[in-house]
Structure formats: structure tokens, C-alpha cells
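**Student:** Got a structure for you, upload-v6.cif, holding mmCIF, C-alpha atoms.
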data_final
loop_
_atom_site.label_atom_id
_atom_site.label_comp_id
_atom_site.auth_asym_id
_atom_site.auth_seq_id
_atom_site.Cartn_x
_atom_site.Cartn_y
_atom_site.Cartn_z
CA MET A 22 0.00 0.00 0.00
CA SER A 23 1.53 3.30 -0.98
CA GLY A 24 -0.03 6.73 -0.66
CA ALA A 25 0.25 10.43 -1.37
CA TRP A 26 3.23 10.71 0.96
CA ILE A 27 5.42 8.60 -1.28
CA GLU A 28 4.60 10.74 -4.31
CA THR A 29 5.63 13.84 -2.36
CA VAL A 30 9.18 12.54 -2.78
CA ALA A 31 10.90 14.06 -5.82
CA TRP A 32 12.14 10.81 -7.38
CA ASN A 33 14.89 11.47 -9.91
CA ALA A 34 14.83 10.40 -13.57
CA ASP A 35 15.91 6.90 -12.49
CA GLY A 36 13.16 6.75 -9.86
CA LEU A 37 15.66 7.11 -7.00
CA VAL A 38 16.51 9.43 -4.11
CA PRO A 39 19.58 9.50 -1.91
CA ALA A 40 18.92 8.32 1.65
CA VAL A 41 21.24 9.30 4.46
CA ALA A 42 21.39 7.14 7.58
CA GLN A 43 22.28 8.80 10.86
CA ASP A 44 22.79 7.05 14.18
CA ALA A 45 19.87 8.24 16.29
CA LYS A 46 21.79 8.04 19.54
CA SER A 47 25.27 9.35 18.69
CA GLY A 48 24.19 11.60 15.81
CA GLU A 49 27.00 10.12 13.73
CA LEU A 50 26.43 10.08 9.99
CA LEU A 51 26.70 6.43 8.98
CA MET A 52 26.20 6.15 5.22
CA LEU A 53 24.45 7.37 2.11
CA ALA A 54 22.64 4.90 -0.12
CA TRP A 55 19.83 5.11 -2.66
CA MET A 56 16.17 4.19 -2.52
CA ASN A 57 13.43 3.60 -5.05
CA ARG A 58 9.73 3.66 -4.11
CA GLU A 59 9.74 0.00 -3.16
CA ALA A 60 12.78 0.41 -0.91
CA LEU A 61 11.21 3.36 0.90
CA LEU A 62 7.88 1.56 1.25
CA ARG A 63 9.51 -1.55 2.68
CA THR A 64 11.64 0.56 5.03
CA VAL A 65 8.58 2.34 6.37
CA GLU A 66 6.44 -0.78 6.63
CA THR A 67 9.06 -3.02 8.23
CA GLY A 68 10.86 -0.40 10.30
CA GLU A 69 14.20 -1.65 8.98
CA ALA A 70 16.26 0.03 6.28
CA VAL A 71 15.97 -1.31 2.74
CA TYR A 72 17.94 0.38 -0.03
CA TRP A 73 18.29 0.05 -3.79
CA SER A 74 21.62 -1.18 -5.05
CA ARG A 75 22.46 0.76 -8.21
CA SER A 76 25.26 -1.65 -9.08
CA ARG A 77 23.25 -4.84 -8.57
CA LYS A 78 19.97 -3.20 -9.65
CA SER A 79 18.07 -4.88 -6.84
CA LEU A 80 16.58 -4.18 -3.45
CA TRP A 81 19.09 -4.50 -0.68
CA LYS A 82 17.93 -5.16 2.85
CA LYS A 83 20.61 -3.66 5.05
CA GLY A 84 22.12 -6.38 7.19
CA GLU A 85 20.68 -9.21 5.11
CA THR A 86 23.91 -11.20 5.17
CA SER A 87 25.82 -9.32 7.87
CA GLY A 88 23.12 -9.02 10.49
CA HIS A 89 23.95 -5.31 10.67
CA VAL A 90 20.32 -4.30 10.41
CA GLN A 91 19.30 -0.65 10.79
CA ARG A 92 16.15 -0.14 12.87
CA VAL A 93 14.49 3.01 11.60
CA LEU A 94 13.25 5.33 14.33
CA GLU A 95 12.44 8.33 12.15
CA VAL A 96 12.10 9.14 8.44
CA ARG A 97 12.59 12.75 7.32
CA LEU A 98 12.38 14.56 3.98
CA ASP A 99 14.19 17.73 2.98
CA CYS A 100 12.84 21.00 1.58
CA ASP A 101 13.21 19.98 -2.06
CA ALA A 102 11.83 16.52 -1.25
CA ASP A 103 14.81 14.96 -3.01
CA THR A 104 16.71 13.55 -0.03
CA VAL A 105 15.52 11.20 2.71
CA LEU A 106 17.04 11.11 6.18
CA LEU A 107 16.77 7.97 8.29
CA ARG A 108 17.50 8.18 11.97
CA VAL A 109 18.47 4.63 12.84
CA GLU A 110 19.66 2.28 15.49
CA SER A 111 22.62 0.50 13.93
CA VAL A 112 22.18 -2.94 15.41
CA ALA A 113 25.74 -4.22 15.53
CA GLY A 114 27.24 -0.74 15.61
CA ILE A 115 28.59 -1.37 12.13
CA ALA A 116 27.18 0.36 9.06
CA CYS A 117 30.02 -0.01 6.54
CA HIS A 118 30.70 -3.03 4.36
CA THR A 119 34.38 -2.60 5.28
CA GLY A 120 33.50 -3.55 8.85
CA ARG A 121 33.69 -0.03 10.22
CA ARG A 122 31.14 1.83 12.34
CA ARG A 123 30.40 4.30 9.54
CA CYS A 124 31.24 4.68 5.88
CA PHE A 125 32.76 8.15 6.38
CA PHE A 126 36.01 6.83 7.83
CA ARG A 127 38.36 9.05 5.79
CA ARG A 128 39.17 12.63 6.73
CA LEU A 129 40.92 15.17 4.53
CA GLU A 130 44.09 16.35 6.25
CA GLY A 131 47.07 18.54 5.39
CA GLU A 132 47.49 21.71 3.37
CA GLY A 133 48.03 22.50 -0.30
CA ALA A 134 49.91 19.77 -2.16
CA GLY A 135 50.13 17.80 1.10
CA ARG A 136 46.41 17.19 1.33
CA ARG A 137 45.35 13.57 1.57
CA TRP A 138 42.58 11.31 2.87
CA ILE A 139 43.47 9.73 6.20
CA GLU A 140 41.65 6.70 7.58
CA THR A 141 40.54 7.57 11.09
CA ASP A 142 38.30 4.67 12.09
CA PRO A 143 39.23 1.11 13.03
CA VAL A 144 37.84 -2.01 11.37
CA LEU A 145 35.57 -3.68 13.94
CA ALA A 146 34.50 -6.80 12.04
CA ASP A 147 36.05 -8.93 9.34
CA PRO A 148 34.47 -7.72 6.10
CA GLY A 149 35.09 -11.13 4.58
CA THR A 150 32.23 -12.54 6.60
CA PHE A 151 29.51 -10.44 4.98
CA ARG A 152 28.77 -8.65 1.75
CA ASP A 153 26.23 -5.96 2.54
CA GLY A 154 27.59 -3.99 5.46
CA MET B 17 45.82 23.75 -7.23
CA SER B 18 44.19 20.36 -7.11
CA GLY B 19 45.88 17.06 -6.33
CA ALA B 20 45.55 13.30 -6.08
CA TRP B 21 43.09 13.63 -3.22
CA ILE B 22 40.46 15.20 -5.45
CA GLU B 23 40.76 12.39 -7.99
CA THR B 24 40.16 9.87 -5.21
CA VAL B 25 36.59 11.12 -5.25
CA ALA B 26 34.35 8.98 -7.47
CA TRP B 27 32.77 11.80 -9.48
CA ASN B 28 29.62 10.62 -11.23
CA ALA B 29 28.96 10.81 -14.97
CA ASP B 30 28.02 14.49 -14.56
CA GLY B 31 31.21 15.19 -12.60
CA LEU B 32 29.31 15.56 -9.33
CA VAL B 33 29.06 14.00 -5.86
CA PRO B 34 26.46 14.51 -3.15
CA ALA B 35 27.77 16.48 -0.18
CA VAL B 36 26.03 16.23 3.17
CA ALA B 37 26.43 19.08 5.66
CA GLN B 38 26.22 18.24 9.35
CA ASP B 39 26.31 20.73 12.21
CA ALA B 40 29.59 19.98 13.96
CA LYS B 41 28.31 20.99 17.37
CA SER B 42 24.77 19.60 17.51
CA GLY B 43 25.33 16.72 15.09
CA GLU B 44 22.15 17.74 13.30
CA LEU B 45 22.00 16.89 9.61
CA LEU B 46 21.46 20.19 7.83
CA MET B 47 21.25 19.59 4.09
CA LEU B 48 22.40 17.62 1.08
CA ALA B 49 23.71 19.48 -1.95
CA TRP B 50 25.98 18.60 -4.85
CA MET B 51 29.60 19.45 -5.63
CA ASN B 52 31.78 19.38 -8.69
CA ARG B 53 35.59 19.44 -8.48
CA GLU B 54 35.69 23.24 -8.43
CA ALA B 55 33.14 23.44 -5.60
CA LEU B 56 35.09 20.96 -3.48
CA LEU B 57 38.38 22.71 -4.20
CA ARG B 58 36.97 26.11 -3.25
CA THR B 59 35.38 24.64 -0.13
CA VAL B 60 38.67 23.16 1.00
CA GLU B 61 40.76 26.21 0.11
CA THR B 62 38.43 28.84 1.61
CA GLY B 63 37.11 26.80 4.54
CA GLU B 64 33.55 27.77 3.61
CA ALA B 65 31.06 25.55 1.82
CA VAL B 66 30.66 26.02 -1.94
CA TYR B 67 28.24 23.77 -3.81
CA TRP B 68 27.19 23.23 -7.41
CA SER B 69 23.64 24.22 -8.27
CA ARG B 70 22.27 21.62 -10.67
CA SER B 71 19.28 23.83 -11.53
CA ARG B 72 21.29 27.00 -12.16
CA LYS B 73 24.34 25.08 -13.45
CA SER B 74 26.69 27.32 -11.51
CA LEU B 75 28.83 27.38 -8.40
CA TRP B 76 26.87 28.40 -5.35
CA LYS B 77 28.66 29.86 -2.37
CA LYS B 78 26.49 28.97 0.59
CA GLY B 79 25.32 32.17 2.26
CA GLU B 80 26.31 34.40 -0.63
CA THR B 81 23.09 36.42 -0.43
CA SER B 82 21.77 35.28 2.95
CA GLY B 83 24.93 35.51 5.02
CA HIS B 84 24.23 31.96 6.20
CA VAL B 85 27.74 30.82 5.51
CA GLN B 86 28.92 27.35 6.51
CA ARG B 87 32.40 27.25 8.03
CA VAL B 88 33.87 23.86 7.25
CA LEU B 89 35.66 22.20 10.16
CA GLU B 90 36.10 18.77 8.63
CA VAL B 91 35.76 17.11 5.21
CA ARG B 92 35.15 13.35 5.08
CA LEU B 93 34.76 10.81 2.29
CA ASP B 94 32.88 7.53 2.41
CA CYS B 95 34.00 4.00 1.59
CA ASP B 96 32.94 4.15 -2.07
CA ALA B 97 34.37 7.69 -2.36
CA ASP B 98 31.07 8.85 -3.83
CA THR B 99 29.72 10.95 -0.96
CA VAL B 100 31.36 13.85 0.87
CA LEU B 101 30.53 14.77 4.45
CA LEU B 102 31.13 18.30 5.68
CA ARG B 103 31.10 18.99 9.38
CA VAL B 104 30.25 22.67 9.56
CA GLU B 105 29.51 25.59 11.78
CA SER B 106 26.27 27.03 10.42
CA VAL B 107 26.92 30.71 10.95
CA ALA B 108 23.42 32.06 11.42
CA GLY B 109 22.02 28.74 12.61
CA ILE B 110 20.02 28.57 9.39
CA ALA B 111 20.87 26.15 6.60
CA CYS B 112 17.60 25.98 4.64
CA HIS B 113 16.45 28.42 1.99
CA THR B 114 13.01 28.30 3.66
CA GLY B 115 14.54 30.04 6.68
CA ARG B 116 14.69 26.93 8.85
CA ARG B 117 17.62 25.56 10.81
CA ARG B 118 17.88 22.51 8.58
CA CYS B 119 16.38 21.30 5.32
CA PHE B 120 15.06 18.08 6.90
CA PHE B 121 12.10 19.76 8.58
CA ARG B 122 9.48 17.16 7.61
CA ARG B 123 8.94 13.91 9.49
CA LEU B 124 6.85 10.97 8.31
CA GLU B 125 4.09 10.29 10.82
CA GLY B 126 1.03 8.06 11.05
CA GLU B 127 0.33 4.51 9.95
CA GLY B 128 -0.88 2.89 6.73
CA ALA B 129 -3.13 5.14 4.69
CA GLY B 130 -2.78 7.85 7.36
CA ARG B 131 0.91 8.41 6.73
CA ARG B 132 1.92 11.96 5.93
CA TRP B 133 4.84 14.39 6.14
CA ILE B 134 4.55 16.72 9.13
CA GLU B 135 6.54 19.95 9.38
CA THR B 136 8.30 19.90 12.73
CA ASP B 137 10.62 22.90 12.59
CA PRO B 138 9.80 26.61 12.83
CA VAL B 139 10.78 29.23 10.26
CA LEU B 140 13.46 31.38 11.90
CA ALA B 141 14.08 33.97 9.16
CA ASP B 142 11.98 35.45 6.39
CA PRO B 143 12.96 33.50 3.28
CA GLY B 144 11.97 36.50 1.17
CA THR B 145 15.15 38.24 2.23
CA PHE B 146 17.55 35.73 0.65
CA ARG B 147 17.69 33.22 -2.15
CA ASP B 148 20.41 30.77 -1.27
CA GLY B 149 19.70 29.57 2.25
#
Rewrite the structure of this file - the entire thing - as C-alpha cells.

**Tutor:**
Amino acid sequence: MSGAWIETVAWNADGLVPAVAQDAKSGELLMLAWMNREALLRTVETGEAVYWSRSRKSLWKKGETSGHVQRVLEVRLDCDADTVLLRVESVAGIACHTGRRRCFFRRLEGEGAGRRWIETDPVLADPGTFRDG
Amino acid sequence: MSGAWIETVAWNADGLVPAVAQDAKSGELLMLAWMNREALLRTVETGEAVYWSRSRKSLWKKGETSGHVQRVLEVRLDCDADTVLLRVESVAGIACHTGRRRCFFRRLEGEGAGRRWIETDPVLADPGTFRDG
């Protein structure tokens, strides 16, 4: 069952919107993935994040193989209706398929020609044991 | 002056990446906008957020007309290198062109056919006085 609310979303030409997942407790930004209508509907109806994999062209239930499910506490929409924000409880405390807490584990450091991306976050789980973060 | 770090970013077919701005102090997610190489370079070199307007097809210095500049304290990149995270100080405490603190001012509420987007955040400044948030 869909509804007017889902058509309020400004789906792009591919029928997708970016969805940002934020840890509801720590406020930490965990990841950005994409959703189609079906992914957003399933997320809302099940209370667990489901995304659309652009590379695999299929729905992707977060934590399907890893167990790192995201329980969705709140769904928000921005002013242009073209970005969704999920405030989630990250079940295992791991959101990234590399086994880190969050996908944003690189920070730009240095000045001028010395600028580079530095990895700041430890790997908490062996990424070989799961495929979907 | 650019560098290897900027080519680490996985620019999409249009030469863009989504950039998410988060309030460094409160942790609140403020907005999602897009950047091209020039926008990211200017952001890093000036320490103030510059985005790419897809509708106007031009660089867009945040706060240019509104004064609601975003001072950038940290730039992060995600695992796939296709999303940038800015941790910012939102100078006037207003990030949205509607005059609200953040763009994500709508929350999905209700159940089933009763679901709808509810505006949860007050308008803090008259949006008629600026165009760019």
C-alpha cells in the first residue's frame, strides 16, 4: 500500500533518491545509499532500512547477510523533497561493508599539495564474513 | 591547485558528488547538496562551503546572499568515495532556503493510509530576504 506521501518525494529520472542514515543516539552520519519507491515503502512498513543497489539493480535489505540491520526510528524529507534522512539504530554498531562503524572513515588532512585522505576509524569486524555492510 | 586527493573522489557521470552538511556541534544533519571538483576545491581552500547548483548550473557559495555561511571544520569521504561529508559551523544557525535551521524539517508520521509528512521545525528567518539559504 503506498499513498500520497510517497509521491511527495521528488524521485529522480531513475526513480531514485539519496537516503542518508544517521545514528539516532550518537548523531554520527553512517552512510548514504539510494532508494526507489519500493525500498522506501519496505523501510517504512518493516521499520528496517531497505535500499536500492544501483550496481546490482536490486533491493538490498541492510544487514541481510551481515546481520547489521538498521532499525528506523524516524524518516525525514528535505525542503526539495529529493533527499531522505533515516535516523536509525545501527544494530551491531557497524554500518560499513568494510566492517567499520560508519562509511565516512576518511578525513581530509594537510594543506596544499600535502592534502590527503586519512583513515581515522578502526575495522571492527572482518568484512570477509559479509557482503552488505 | 588540485591534487591526487580530489581524484580519489568517485565523481559521477556528470562530474558531481552529493555532499552532506552536518552541524559539527549539535550533530544535526542540515542539508544535502551537490559538488563538482571546483566546488570541493573552493570549499577546501576557503574553509567555507561552496556547492554546485544543478538547476542553475553554476557554483553556489552557501550564504552568498543570505549571510548563512557554513564554516567547514572537517571534510570526510565515504568507503565508495562517492559521498562527501562536511562537518560545519552554520553561521546564522540557518541552513535551509526556507529560513529553517535545517532542510530536513518534515517527518513521516502516522500509519498505513494515514501516513503523511509533518513539518516539525519553525521558520526562523523570512525566506523572502535571501535566495540561497

**Student:** As an exercise, work out the distance from atom CA of Gln91 of chain A to atom CA of Thr99 of chain B in Å and give it to one decimal place.

**Tutor:**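 According to the coordinates, atom CA of Gln91 of chain A and atom CA of Thr99 of chain B are separated by 19.5 Å.
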
**Student:** For segment 66-72 of chain A, please output as a PyMOL selection string all residues within 9 Å (counting only C-alpha atoms; exclusion window: fewer than 3 positions along the same chain).

**Tutor:** (chain A and resi 40+42+54-57+59-63+79-84+90-94+107+109) or (chain B and resi 127-128)

**Student:** Taking the file as shown, find all residues satisfying the PyMOL selection byres ((chain A) within 8 of (chain B)) and write them as a ChimeraX atom specification.

**Tutor:** /A:22-26,48-49,52-53,95-100,104,106,117,119,124-129,133-134,136-138

**Student:** Have a look at atom CA of Gly120 of chain A and atom CA of Glu85 of chain A and let me know their distance in Å, one decimal.

**Tutor:**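 Atom CA of Glu85 of chain A lies at a distance of 14.5 Å from atom CA of Gly120 of chain A.
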
**Student:** Name every residue that the PyMOL selection byres ((chain A and resi 113) around 9) selects in this structure, writing the answer as number ranges by chain with chains first and numbers rising.

**Tutor:** A: 88-91, 110-112, 114-116, 122

**Student:** Suppose we keep C-alpha atoms; can you now write the selection as a short mmCIF file (atom, residue, chain, number, x, y, z; two decimals), in the coordinates of the input?

**Tutor:**
data_model
loop_
_atom_site.label_atom_id
_atom_site.label_comp_id
_atom_site.auth_asym_id
_atom_site.auth_seq_id
_atom_site.Cartn_x
_atom_site.Cartn_y
_atom_site.Cartn_z
CA GLY A 88 23.12 -9.02 10.49
CA HIS A 89 23.95 -5.31 10.67
CA VAL A 90 20.32 -4.30 10.41
CA GLN A 91 19.30 -0.65 10.79
CA GLU A 110 19.66 2.28 15.49
CA SER A 111 22.62 0.50 13.93
CA VAL A 112 22.18 -2.94 15.41
CA GLY A 114 27.24 -0.74 15.61
CA ILE A 115 28.59 -1.37 12.13
CA ALA A 116 27.18 0.36 9.06
CA ARG A 122 31.14 1.83 12.34
#

**Student:** What is the atom CA of Thr64 of chain A to atom CA of Glu28 of chain A distance in Å?

**Tutor:**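 A separation of 15.5 Å between them.
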
**Student:** Around all the atoms of segment 26-34 of chain A listed in the file, with 3 Å of room on each side, what axis-aligned box do you get, giving centre and edge lengths in Å to one decimal, as lines of an AutoDock Vina configuration file?

**Tutor:**
center_x = 9.1
center_y = 11.3
center_z = -6.3
size_x = 17.7
size_y = 11.5
size_z = 20.5
